[in-house]
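Engineer: Got a structure for you, input_9.cif, holding mmCIF, C-alpha atoms and all ligand atoms.
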```
data_protein
loop_
_atom_site.group_PDB
_atom_site.id
_atom_site.type_symbol
_atom_site.label_atom_id
_atom_site.label_comp_id
_atom_site.auth_asym_id
_atom_site.auth_seq_id
_atom_site.Cartn_x
_atom_site.Cartn_y
_atom_site.Cartn_z
ATOM 1 C CA MET A 1 0.000 0.000 0.000
ATOM 2 C CA LYS A 2 1.120 3.528 -0.741
ATOM 3 C CA LEU A 3 -0.085 6.314 1.514
ATOM 4 C CA ALA A 4 0.261 10.101 1.561
ATOM 5 C CA ILE A 5 0.162 11.510 5.084
ATOM 6 C CA VAL A 6 -0.609 15.209 5.394
ATOM 7 C CA SER A 7 -1.213 17.416 8.421
ATOM 8 C CA ASP A 8 -1.727 21.019 9.476
ATOM 9 C CA ILE A 9 -3.149 22.390 6.235
ATOM 10 C CA HIS A 10 -4.433 25.411 8.171
ATOM 11 C CA ALA A 11 -6.792 26.719 5.518
ATOM 12 C CA ASN A 12 -3.956 27.369 3.063
ATOM 13 C CA LEU A 13 -5.587 26.387 -0.218
ATOM 14 C CA ALA A 14 -2.634 27.176 -2.502
ATOM 15 C CA ALA A 15 -0.390 24.911 -0.405
ATOM 16 C CA LEU A 16 -2.980 22.132 -0.283
ATOM 17 C CA GLU A 17 -3.579 22.227 -4.019
ATOM 18 C CA ALA A 18 0.155 22.054 -4.734
ATOM 19 C CA VAL A 19 0.525 19.077 -2.379
ATOM 20 C CA LEU A 20 -2.495 17.295 -3.859
ATOM 21 C CA GLU A 21 -1.016 17.773 -7.326
ATOM 22 C CA ASP A 22 2.243 16.225 -6.169
ATOM 23 C CA ILE A 23 0.340 13.380 -4.487
ATOM 24 C CA GLU A 24 -1.501 12.764 -7.752
ATOM 25 C CA GLY A 25 1.887 12.203 -9.416
ATOM 26 C CA GLU A 26 2.845 9.778 -6.634
ATOM 27 C CA LYS A 27 -0.163 7.566 -7.441
ATOM 28 C CA VAL A 28 -0.959 6.780 -3.822
ATOM 29 C CA ASP A 29 -3.806 4.528 -2.727
ATOM 30 C CA LYS A 30 -5.015 6.819 0.033
ATOM 31 C CA ILE A 31 -4.503 10.177 1.719
ATOM 32 C CA TYR A 32 -4.609 10.373 5.517
ATOM 33 C CA CYS A 33 -4.863 13.744 7.242
ATOM 34 C CA LEU A 34 -3.717 14.184 10.848
ATOM 35 C CA GLY A 35 -5.811 17.265 11.620
ATOM 36 C CA ASP A 36 -5.769 21.077 11.636
ATOM 37 C CA VAL A 37 -7.288 21.398 8.181
ATOM 38 C CA ILE A 38 -8.508 24.790 9.395
ATOM 39 C CA GLY A 39 -7.324 27.614 11.665
ATOM 40 C CA TYR A 40 -4.863 30.458 10.879
ATOM 41 C CA GLY A 41 -5.488 30.581 7.123
ATOM 42 C CA PRO A 42 -7.937 32.328 4.780
ATOM 43 C CA ASP A 43 -9.647 29.394 3.001
ATOM 44 C CA PRO A 44 -11.239 27.058 5.556
ATOM 45 C CA ARG A 45 -14.283 26.137 3.437
ATOM 46 C CA GLU A 46 -12.259 25.265 0.349
ATOM 47 C CA CYS A 47 -9.777 23.181 2.353
ATOM 48 C CA LEU A 48 -12.547 21.331 4.217
ATOM 49 C CA GLU A 49 -14.225 20.590 0.894
ATOM 50 C CA LEU A 50 -11.048 18.854 -0.310
ATOM 51 C CA ALA A 51 -10.507 17.075 3.016
ATOM 52 C CA LEU A 52 -13.995 15.544 2.840
ATOM 53 C CA ASP A 53 -12.562 13.130 0.264
ATOM 54 C CA PHE A 54 -9.762 11.802 2.497
ATOM 55 C CA PRO A 55 -10.625 8.391 3.983
ATOM 56 C CA ILE A 56 -8.998 9.283 7.325
ATOM 57 C CA ASN A 57 -9.204 12.697 8.960
ATOM 58 C CA LEU A 58 -8.222 13.243 12.594
ATOM 59 C CA LEU A 59 -9.236 15.916 15.068
ATOM 60 C CA GLY A 60 -6.640 18.680 15.408
ATOM 61 C CA ASN A 61 -6.551 21.218 18.203
ATOM 62 C CA HIS A 62 -7.839 23.900 15.816
ATOM 63 C CA GLU A 63 -10.890 21.827 14.889
ATOM 64 C CA GLU A 64 -11.410 21.193 18.586
ATOM 65 C CA ALA A 65 -11.153 24.945 19.261
ATOM 66 C CA VAL A 66 -13.723 25.752 16.577
ATOM 67 C CA LEU A 67 -16.039 23.138 18.092
ATOM 68 C CA VAL A 68 -15.656 23.756 21.815
ATOM 69 C CA GLY A 69 -13.729 27.037 22.248
ATOM 70 C CA ALA A 70 -10.142 28.244 21.850
ATOM 71 C CA ILE A 71 -8.834 27.371 25.301
ATOM 72 C CA GLY A 72 -5.127 28.068 25.755
ATOM 73 C CA PHE A 73 -4.767 29.711 22.326
ATOM 74 C CA ASN A 74 -2.730 32.899 21.902
ATOM 75 C CA PRO A 75 -4.727 36.001 20.819
ATOM 76 C CA LYS A 76 -3.721 35.743 17.128
ATOM 77 C CA ALA A 77 -4.650 32.067 16.906
ATOM 78 C CA LYS A 78 -7.897 32.730 18.775
ATOM 79 C CA ALA A 79 -8.823 35.587 16.397
ATOM 80 C CA ALA A 80 -8.392 33.145 13.516
ATOM 81 C CA ILE A 81 -10.530 30.530 15.283
ATOM 82 C CA ASP A 82 -13.367 33.020 15.821
ATOM 83 C CA TRP A 83 -13.164 34.120 12.185
ATOM 84 C CA THR A 84 -13.078 30.488 10.999
ATOM 85 C CA ARG A 85 -16.203 29.669 13.019
ATOM 86 C CA ASP A 86 -18.006 32.581 11.329
ATOM 87 C CA GLN A 87 -16.900 31.323 7.905
ATOM 88 C CA LEU A 88 -18.530 27.964 8.588
ATOM 89 C CA ASN A 89 -21.794 29.696 9.496
ATOM 90 C CA LEU A 90 -21.942 32.076 6.508
ATOM 91 C CA GLU A 91 -25.550 32.850 5.716
ATOM 92 C CA SER A 92 -24.576 33.525 2.108
ATOM 93 C CA GLU A 93 -23.708 29.810 1.704
ATOM 94 C CA PRO A 94 -26.235 26.952 1.522
ATOM 95 C CA ILE A 95 -27.236 25.812 4.994
ATOM 96 C CA GLU A 96 -26.766 22.158 3.932
ATOM 97 C CA LYS A 97 -23.127 22.856 3.086
ATOM 98 C CA ASN A 98 -22.542 24.565 6.431
ATOM 99 C CA ARG A 99 -24.132 21.571 8.137
ATOM 100 C CA GLU A 100 -21.965 19.164 6.165
ATOM 101 C CA PHE A 101 -18.826 20.951 7.413
ATOM 102 C CA TRP A 102 -20.038 20.977 11.037
ATOM 103 C CA ASN A 103 -20.983 17.298 10.864
ATOM 104 C CA PHE A 104 -17.573 16.509 9.431
ATOM 105 C CA LEU A 105 -15.866 18.373 12.291
ATOM 106 C CA GLY A 106 -18.104 16.733 14.878
ATOM 107 C CA ARG A 107 -17.259 13.233 13.643
ATOM 108 C CA LEU A 108 -13.457 13.575 13.562
ATOM 109 C CA LYS A 109 -11.589 10.806 15.408
ATOM 110 C CA ARG A 110 -8.805 11.546 17.893
ATOM 111 C CA SER A 111 -6.597 8.708 16.671
ATOM 112 C CA HIS A 112 -6.454 5.920 14.120
ATOM 113 C CA LEU A 113 -4.762 2.549 14.556
ATOM 114 C CA GLU A 114 -4.016 0.397 11.520
ATOM 115 C CA GLY A 115 -1.946 -2.713 12.169
ATOM 116 C CA ASP A 116 0.960 -1.374 14.211
ATOM 117 C CA PHE A 117 0.707 2.124 12.758
ATOM 118 C CA LEU A 118 -0.794 4.735 15.062
ATOM 119 C CA PHE A 119 -1.940 8.087 13.674
ATOM 120 C CA VAL A 120 -2.560 11.124 15.926
ATOM 121 C CA HIS A 121 -2.436 14.907 15.640
ATOM 122 C CA GLY A 122 -0.362 15.645 18.740
ATOM 123 C CA SER A 123 1.089 12.711 20.659
ATOM 124 C CA PRO A 124 0.221 9.149 21.716
ATOM 125 C CA ARG A 125 -0.372 10.489 25.256
ATOM 126 C CA ASP A 126 -2.663 13.366 24.273
ATOM 127 C CA PRO A 127 -3.696 12.764 20.665
ATOM 128 C CA THR A 128 -5.089 16.239 20.024
ATOM 129 C CA ARG A 129 -3.140 18.772 22.077
ATOM 130 C CA GLU A 130 0.298 17.654 23.238
ATOM 131 C CA TYR A 131 3.353 18.965 21.392
ATOM 132 C CA ILE A 132 6.440 16.825 20.943
ATOM 133 C CA PHE A 133 9.037 19.436 20.065
ATOM 134 C CA SER A 134 12.270 18.478 18.348
ATOM 135 C CA GLN A 135 14.349 19.207 21.470
ATOM 136 C CA ASP A 136 12.072 17.043 23.651
ATOM 137 C CA TYR A 137 14.179 14.003 22.782
ATOM 138 C CA GLN A 138 16.408 15.187 25.661
ATOM 139 C CA ASP A 139 13.510 15.054 28.136
ATOM 140 C CA ARG A 140 13.724 11.430 29.143
ATOM 141 C CA LYS A 141 10.660 11.436 31.434
ATOM 142 C CA LYS A 142 8.440 13.032 28.787
ATOM 143 C CA MET A 143 9.666 10.653 26.083
ATOM 144 C CA ASP A 144 9.304 7.573 28.348
ATOM 145 C CA ASP A 145 5.691 8.519 29.079
ATOM 146 C CA ILE A 146 4.798 9.408 25.512
ATOM 147 C CA PHE A 147 6.333 6.259 24.033
ATOM 148 C CA ALA A 148 4.427 4.106 26.576
ATOM 149 C CA CYS A 149 1.026 5.582 25.610
ATOM 150 C CA PRO A 150 -1.724 4.754 25.065
ATOM 151 C CA PRO A 151 -1.657 1.809 27.484
ATOM 152 C CA GLY A 152 -2.298 -1.573 25.914
ATOM 153 C CA VAL A 153 -1.986 -0.379 22.312
ATOM 154 C CA ASP A 154 0.656 -2.297 20.421
ATOM 155 C CA TRP A 155 1.920 0.356 18.017
ATOM 156 C CA ARG A 156 5.344 0.375 16.388
ATOM 157 C CA VAL A 157 5.281 3.545 14.301
ATOM 158 C CA CYS A 158 3.305 6.653 15.246
ATOM 159 C CA PHE A 159 2.637 9.459 12.752
ATOM 160 C CA THR A 160 2.012 12.956 14.152
ATOM 161 C CA GLY A 161 1.847 16.613 13.107
ATOM 162 C CA HIS A 162 0.956 19.587 15.343
ATOM 163 C CA THR A 163 4.409 21.172 15.854
ATOM 164 C CA HIS A 164 4.880 21.868 12.111
ATOM 165 C CA PHE A 165 8.438 20.478 12.423
ATOM 166 C CA PRO A 166 9.028 17.277 10.418
ATOM 167 C CA GLY A 167 11.376 14.565 11.651
ATOM 168 C CA ILE A 168 11.714 11.275 13.501
ATOM 169 C CA PHE A 169 11.968 10.527 17.232
ATOM 170 C CA SER A 170 13.516 7.127 18.011
ATOM 171 C CA GLN A 171 13.039 5.173 21.224
ATOM 172 C CA GLU A 172 16.697 4.482 21.855
ATOM 173 C CA ASN A 173 18.951 4.939 24.847
ATOM 174 C CA PRO A 174 19.273 7.913 24.791
ATOM 175 C CA TYR A 175 16.321 9.019 22.676
ATOM 176 C CA LYS A 176 17.133 10.516 19.291
ATOM 177 C CA PHE A 177 15.626 13.090 16.970
ATOM 178 C CA ASN A 178 16.529 13.352 13.297
ATOM 179 C CA ASP A 179 15.264 16.050 10.992
ATOM 180 C CA PRO A 180 14.547 14.984 7.392
ATOM 181 C CA ALA A 181 17.742 16.567 6.007
ATOM 182 C CA SER A 182 19.897 14.433 8.328
ATOM 183 C CA LEU A 183 18.127 11.353 6.928
ATOM 184 C CA SER A 184 18.388 12.474 3.276
ATOM 185 C CA ASN A 185 14.580 12.747 3.465
ATOM 186 C CA LYS A 186 14.030 9.022 3.743
ATOM 187 C CA PHE A 187 13.819 6.291 6.350
ATOM 188 C CA SER A 188 13.263 2.543 6.231
ATOM 189 C CA LEU A 189 10.972 0.816 8.734
ATOM 190 C CA ARG A 190 12.499 -2.601 7.974
ATOM 191 C CA GLY A 191 13.992 -4.320 11.002
ATOM 192 C CA LEU A 192 13.033 -1.574 13.415
ATOM 193 C CA ALA A 193 13.971 -2.693 16.928
ATOM 194 C CA ASN A 194 12.149 0.098 18.776
ATOM 195 C CA ARG A 195 9.218 2.412 18.445
ATOM 196 C CA ILE A 196 9.500 5.602 16.423
ATOM 197 C CA ILE A 197 7.380 8.724 16.127
ATOM 198 C CA ILE A 198 7.345 10.412 12.726
ATOM 199 C CA ASN A 199 6.257 14.026 12.450
ATOM 200 C CA VAL A 200 5.096 14.710 8.879
ATOM 201 C CA GLY A 201 5.432 18.503 9.133
ATOM 202 C CA SER A 202 2.845 21.017 7.972
ATOM 203 C CA VAL A 203 1.262 21.544 4.554
ATOM 204 C CA GLY A 204 -0.012 25.041 5.191
ATOM 205 C CA GLN A 205 2.242 26.669 7.791
ATOM 206 C CA PRO A 206 5.754 25.156 7.969
ATOM 207 C CA ARG A 207 7.836 26.495 10.855
ATOM 208 C CA ASP A 208 11.255 24.927 10.255
ATOM 209 C CA ASN A 209 12.646 27.875 8.250
ATOM 210 C CA ASP A 210 11.677 26.172 4.983
ATOM 211 C CA ASN A 211 8.570 27.813 3.558
ATOM 212 C CA ARG A 212 7.659 24.893 1.284
ATOM 213 C CA ALA A 213 4.719 22.629 2.135
ATOM 214 C CA SER A 214 5.704 19.428 3.953
ATOM 215 C CA TYR A 215 4.162 15.968 3.803
ATOM 216 C CA VAL A 216 5.159 12.286 3.890
ATOM 217 C CA ILE A 217 4.804 9.283 1.598
ATOM 218 C CA LEU A 218 4.644 5.834 3.199
ATOM 219 C CA GLU A 219 5.183 3.056 0.671
ATOM 220 C CA GLU A 220 5.349 -0.420 2.226
ATOM 221 C CA ALA A 221 8.240 0.025 4.705
ATOM 222 C CA ASP A 222 9.696 3.164 3.154
ATOM 223 C CA VAL A 223 9.045 6.647 4.485
ATOM 224 C CA ARG A 224 9.830 9.681 2.334
ATOM 225 C CA PHE A 225 9.675 13.309 3.478
ATOM 226 C CA LYS A 226 8.646 15.695 0.718
ATOM 227 C CA ARG A 227 8.774 19.506 0.380
ATOM 228 C CA ILE A 228 6.630 21.193 -2.226
ATOM 229 C CA ASP A 229 6.939 24.730 -3.581
ATOM 230 C CA TYR A 230 3.655 26.566 -3.803
ATOM 231 C CA ASP A 231 2.425 30.041 -4.671
ATOM 232 C CA ILE A 232 2.783 31.689 -1.250
ATOM 233 C CA GLY A 233 1.844 35.067 -2.779
ATOM 234 C CA ARG A 234 -1.573 33.659 -3.665
ATOM 235 C CA THR A 235 -2.256 32.785 -0.021
ATOM 236 C CA VAL A 236 -0.811 36.086 1.219
ATOM 237 C CA ASP A 237 -3.172 37.918 -1.174
ATOM 238 C CA ARG A 238 -6.114 35.966 0.204
ATOM 239 C CA PHE A 239 -5.216 37.217 3.696
ATOM 240 C CA LYS A 240 -5.741 40.767 2.368
ATOM 241 C CA ASP A 241 -9.384 39.844 1.675
ATOM 242 C CA CYS A 242 -9.781 38.807 5.314
ATOM 243 C CA PRO A 243 -8.877 41.793 7.520
ATOM 244 C CA GLN A 244 -10.027 39.945 10.649
ATOM 245 C CA LEU A 245 -7.067 37.558 10.280
ATOM 246 C CA PRO A 246 -3.867 38.921 11.918
ATOM 247 C CA GLU A 247 -1.393 40.015 9.237
ATOM 248 C CA TYR A 248 1.412 38.207 11.043
ATOM 249 C CA LEU A 249 -0.175 34.890 9.991
ATOM 250 C CA ALA A 250 0.483 35.789 6.337
ATOM 251 C CA ARG A 251 4.005 37.031 6.990
ATOM 252 C CA ARG A 252 5.094 33.851 8.759
ATOM 253 C CA LEU A 253 4.222 31.819 5.640
ATOM 254 C CA GLU A 254 6.878 33.652 3.643
ATOM 255 C CA GLU A 255 9.427 33.104 6.389
ATOM 256 C CA GLY A 256 8.485 29.485 7.012
ATOM 257 C CA LYS A 257 8.372 29.962 10.771
HETATM 258 ZN ZN ZN B 1 -1.326 22.992 13.458
#
```
Please lay out the structure from this file as structure tokens.
Structural biologist:
Amino acid sequence: MKLAIVSDIHANLAALEAVLEDIEGEKVDKIYCLGDVIGYGPDPRECLELALDFPINLLGNHEEAVLVGAIGFNPKAKAAIDWTRDQLNLESEPIEKNREFWNFLGRLKRSHLEGDFLFVHGSPRDPTREYIFSQDYQDRKKMDDIFACPPGVDWRVCFTGHTHFPGIFSQENPYKFNDPASLSNKFSLRGLANRIIINVGSVGQPRDNDNRASYVILEEADVRFKRIDYDIGRTVDRFKDCPQLPEYLARRLEEGK
């Protein structure tokens, strides 16, 4: 089976379209999305429309915030959540379509287990909200706990997003983190002795100083990290149509951080 794993689209339609075009060329069987289709960006409806076709979509913290309130969000992220909620209730759009989006959000799963592959937005311990930052590999207690969760689930490889930093955490002594560049953008799951957590990066708001969209291809036991150029100017222009969205959210796309 060949899978494309995307995450953190964040209502960036130009980035999503560029990634979907690349995925089309990859001839994958399925696309899995690890959450945060919306939040921050100017095109939530268009991105949700495309995500409706993915066979697996998980709940991200931004979907959760739109559904139940932006608890713990910074003011800029919260402003975008409030604006996004309004966009999904637009009276100028058919009420059935609005309902379809809300039903989609309401049905999102917090995790997906397939064989020994676990898929979450944040971490195995807190699938929706917990961040595993690149430097956390040095925090032995945190890594011990995260790698042991959820209890009784026999996973070997966990795919996450949420931090917008791609890379691989390995359950070794001591724990290790490798960014994609240090792995030449690929990794083999053959003969893995320990668990690993693979962060696929972000389609719509990369933060690792590379402003290209990030996603991952999983083909049998081979993982490939991909970066895709997209028309950032197109998304930045869309922000200008949405004055309620903080301008900083457009600027960070150009900087990739
Ligand atoms: Zn996110």
Engineer: So which residues get picked by the PyMOL selection byres (((chain A and resi 184) around 12) and not hetatm) here, written as number ranges by chain?
Structural biologist: A: 167, 178-183, 185-188, 223-226
Engineer: Take the selection from the previous step and output its residues with C-alpha atoms, as a short mmCIF file (atom, residue, chain, number, x, y, z; two decimals), in the coordinates of the input.
Structural biologist:
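The file below, result23.cif, is the result:
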```cif
data_model
loop_
_atom_site.label_atom_id
_atom_site.label_comp_id
_atom_site.auth_asym_id
_atom_site.auth_seq_id
_atom_site.Cartn_x
_atom_site.Cartn_y
_atom_site.Cartn_z
CA GLY A 167 11.38 14.56 11.65
CA ASN A 178 16.53 13.35 13.30
CA ASP A 179 15.26 16.05 10.99
CA PRO A 180 14.55 14.98 7.39
CA ALA A 181 17.74 16.57 6.01
CA SER A 182 19.90 14.43 8.33
CA LEU A 183 18.13 11.35 6.93
CA ASN A 185 14.58 12.75 3.46
CA LYS A 186 14.03 9.02 3.74
CA PHE A 187 13.82 6.29 6.35
CA SER A 188 13.26 2.54 6.23
CA VAL A 223 9.04 6.65 4.49
CA ARG A 224 9.83 9.68 2.33
CA PHE A 225 9.68 13.31 3.48
CA LYS A 226 8.65 15.70 0.72
#
```
Engineer: Can you pull out every residue with an atom within 10 Å of ligand ZN 1 (chain B)? Use all atoms listed in the file and format it as a list in words.
Structural biologist: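 So the residues close to ligand ZN 1 (chain B) are Ser7, Asp8, Ile9, His10, Leu34, Gly35, Asp36, Val37, Ile38, Gly39, Tyr40, Gly60, Asn61, His62, Glu63, His121, Gly122, Arg129, Gly161, His162, Thr163, His164, Gly201, Ser202, Val203, Gly204, Gln205 and Pro206 of chain A.
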Engineer: Determine the nearest neighbour of Met1 (chain A) from the options A:Leu189, A:Ile217, A:Leu90, A:Ala77, counting all atoms listed in the file.
Structural biologist: A:Ile217
Engineer: For a quick check of understanding, using only C-alpha atoms, which of A:Leu59, A:Ile132, A:Leu50, A:Leu88 has the smallest distance to Arg110 (chain A)?
Structural biologist: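 Going through A:Leu59, A:Ile132, A:Leu50, A:Leu88 one by one, the smallest distance to Arg110 (chain A) is for A:Leu59.
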Engineer: For this file, the PyMOL selection byres (((chain A and resi 147) around 12) and not hetatm) selects which residues, as JSON, numbers by chain?
Structural biologist: {"A": [118, 123, 124, 125, 126, 132, 137, 140, 141, 142, 143, 144, 145, 146, 148, 149, 150, 151, 152, 153, 154, 155, 156, 157, 158, 169, 170, 171, 172, 175, 194, 195, 196, 197]}
Engineer: Tell me which residues the PyMOL selection byres (((chain A and resi 245) around 12) and not hetatm) grabs here, as a ChimeraX atom specification.
Structural biologist: /A:11,39-43,75-84,87,236,238-244,246-251
Engineer: Kindly indicate which residue among A:Asn199, A:Asn12, A:Ser214, A:Ser92 lies nearest to Arg227 (chain A), using all atoms listed in the file for the distances.
Structural biologist: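 When distances to Arg227 (chain A) are compared using all atoms listed in the file, the smallest one comes from A:Ser214.
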Engineer: Between CA of Ile5 (chain A) and CA of Leu218 (chain A), what is the spacing in Å?
Structural biologist: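 Going from CA of Leu218 (chain A) over to CA of Ile5 (chain A), I get 7.5 Å.
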Engineer: A:Ser134, A:Arg45, A:Pro166, A:Phe104: which is nearest Asp210 (chain A), counting all atoms listed in the file?
Structural biologist: A:Pro166
Engineer: Please report the interatomic distance between CA of Pro127 (chain A) and CA of Asp22 (chain A) in Å with one decimal.
Structural biologist: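 Pair CA of Pro127 (chain A) / CA of Asp22 (chain A) returns 27.7 Å.
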Engineer: Which distance in Å separates CA of Gly233 (chain A) and CA of Glu17 (chain A), to one decimal?
Structural biologist: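 Interatomic distance here is 14.0 Å.
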Engineer: With the input short on atoms, add N, CA, C and O atoms back to region 7-26 of chain A and write it as a JSON list (two decimals), keeping the file's coordinate frame.
Structural biologist:
```json
[["chain", "number", "residue", "atom", "x", "y", "z"],
["A", 7, "SER", "N", -0.72, 16.87, 7.16],
["A", 7, "SER", "CA", -1.21, 17.42, 8.42],
["A", 7, "SER", "C", -1.13, 18.93, 8.37],
["A", 7, "SER", "O", -0.41, 19.51, 7.54],
["A", 8, "ASP", "N", -1.87, 19.58, 9.27],
["A", 8, "ASP", "CA", -1.73, 21.02, 9.48],
["A", 8, "ASP", "C", -1.79, 21.83, 8.18],
["A", 8, "ASP", "O", -0.87, 22.58, 7.84],
["A", 9, "ILE", "N", -2.89, 21.65, 7.48],
["A", 9, "ILE", "CA", -3.15, 22.39, 6.24],
["A", 9, "ILE", "C", -3.45, 23.86, 6.56],
["A", 9, "ILE", "O", -3.06, 24.77, 5.83],
["A", 10, "HIS", "N", -4.16, 24.07, 7.66],
["A", 10, "HIS", "CA", -4.43, 25.41, 8.17],
["A", 10, "HIS", "C", -5.01, 26.36, 7.13],
["A", 10, "HIS", "O", -4.55, 27.51, 6.98],
["A", 11, "ALA", "N", -6.00, 25.87, 6.42],
["A", 11, "ALA", "CA", -6.79, 26.72, 5.52],
["A", 11, "ALA", "C", -5.93, 27.45, 4.50],
["A", 11, "ALA", "O", -6.25, 28.58, 4.09],
["A", 12, "ASN", "N", -4.84, 26.82, 4.10],
["A", 12, "ASN", "CA", -3.96, 27.37, 3.06],
["A", 12, "ASN", "C", -4.22, 26.59, 1.77],
["A", 12, "ASN", "O", -3.63, 25.54, 1.52],
["A", 13, "LEU", "N", -5.12, 27.12, 0.97],
["A", 13, "LEU", "CA", -5.59, 26.39, -0.22],
["A", 13, "LEU", "C", -4.49, 26.22, -1.27],
["A", 13, "LEU", "O", -4.35, 25.16, -1.87],
["A", 14, "ALA", "N", -3.69, 27.27, -1.49],
["A", 14, "ALA", "CA", -2.63, 27.18, -2.50],
["A", 14, "ALA", "C", -1.65, 26.06, -2.14],
["A", 14, "ALA", "O", -1.22, 25.28, -3.00],
["A", 15, "ALA", "N", -1.31, 25.97, -0.85],
["A", 15, "ALA", "CA", -0.39, 24.91, -0.40],
["A", 15, "ALA", "C", -1.03, 23.54, -0.56],
["A", 15, "ALA", "O", -0.40, 22.59, -1.04],
["A", 16, "LEU", "N", -2.31, 23.43, -0.18],
["A", 16, "LEU", "CA", -2.98, 22.13, -0.28],
["A", 16, "LEU", "C", -3.10, 21.69, -1.74],
["A", 16, "LEU", "O", -2.85, 20.52, -2.05],
["A", 17, "GLU", "N", -3.45, 22.60, -2.60],
["A", 17, "GLU", "CA", -3.58, 22.23, -4.02],
["A", 17, "GLU", "C", -2.24, 21.77, -4.60],
["A", 17, "GLU", "O", -2.19, 20.80, -5.36],
["A", 18, "ALA", "N", -1.17, 22.45, -4.22],
["A", 18, "ALA", "CA", 0.16, 22.05, -4.73],
["A", 18, "ALA", "C", 0.53, 20.66, -4.22],
["A", 18, "ALA", "O", 1.07, 19.83, -4.95],
["A", 19, "VAL", "N", 0.22, 20.40, -2.96],
["A", 19, "VAL", "CA", 0.52, 19.08, -2.38],
["A", 19, "VAL", "C", -0.34, 18.00, -3.03],
["A", 19, "VAL", "O", 0.15, 16.91, -3.37],
["A", 20, "LEU", "N", -1.62, 18.30, -3.25],
["A", 20, "LEU", "CA", -2.50, 17.30, -3.86],
["A", 20, "LEU", "C", -2.05, 16.99, -5.29],
["A", 20, "LEU", "O", -2.15, 15.85, -5.75],
["A", 21, "GLU", "N", -1.52, 18.00, -5.96],
["A", 21, "GLU", "CA", -1.02, 17.77, -7.33],
["A", 21, "GLU", "C", 0.20, 16.85, -7.28],
["A", 21, "GLU", "O", 0.34, 15.93, -8.09],
["A", 22, "ASP", "N", 1.06, 17.09, -6.32],
["A", 22, "ASP", "CA", 2.24, 16.23, -6.17],
["A", 22, "ASP", "C", 1.82, 14.79, -5.79],
["A", 22, "ASP", "O", 2.37, 13.82, -6.30],
["A", 23, "ILE", "N", 0.84, 14.70, -4.92],
["A", 23, "ILE", "CA", 0.34, 13.38, -4.49],
["A", 23, "ILE", "C", -0.25, 12.63, -5.68],
["A", 23, "ILE", "O", -0.09, 11.42, -5.82],
["A", 24, "GLU", "N", -0.93, 13.37, -6.54],
["A", 24, "GLU", "CA", -1.50, 12.76, -7.75],
["A", 24, "GLU", "C", -0.40, 12.08, -8.57],
["A", 24, "GLU", "O", -0.56, 10.96, -9.03],
["A", 25, "GLY", "N", 0.75, 12.77, -8.69],
["A", 25, "GLY", "CA", 1.89, 12.20, -9.42],
["A", 25, "GLY", "C", 2.49, 10.99, -8.73],
["A", 25, "GLY", "O", 3.10, 10.14, -9.37],
["A", 26, "GLU", "N", 2.31, 10.90, -7.41],
["A", 26, "GLU", "CA", 2.84, 9.78, -6.63],
["A", 26, "GLU", "C", 1.98, 8.52, -6.76],
["A", 26, "GLU", "O", 2.39, 7.44, -6.36]]
```
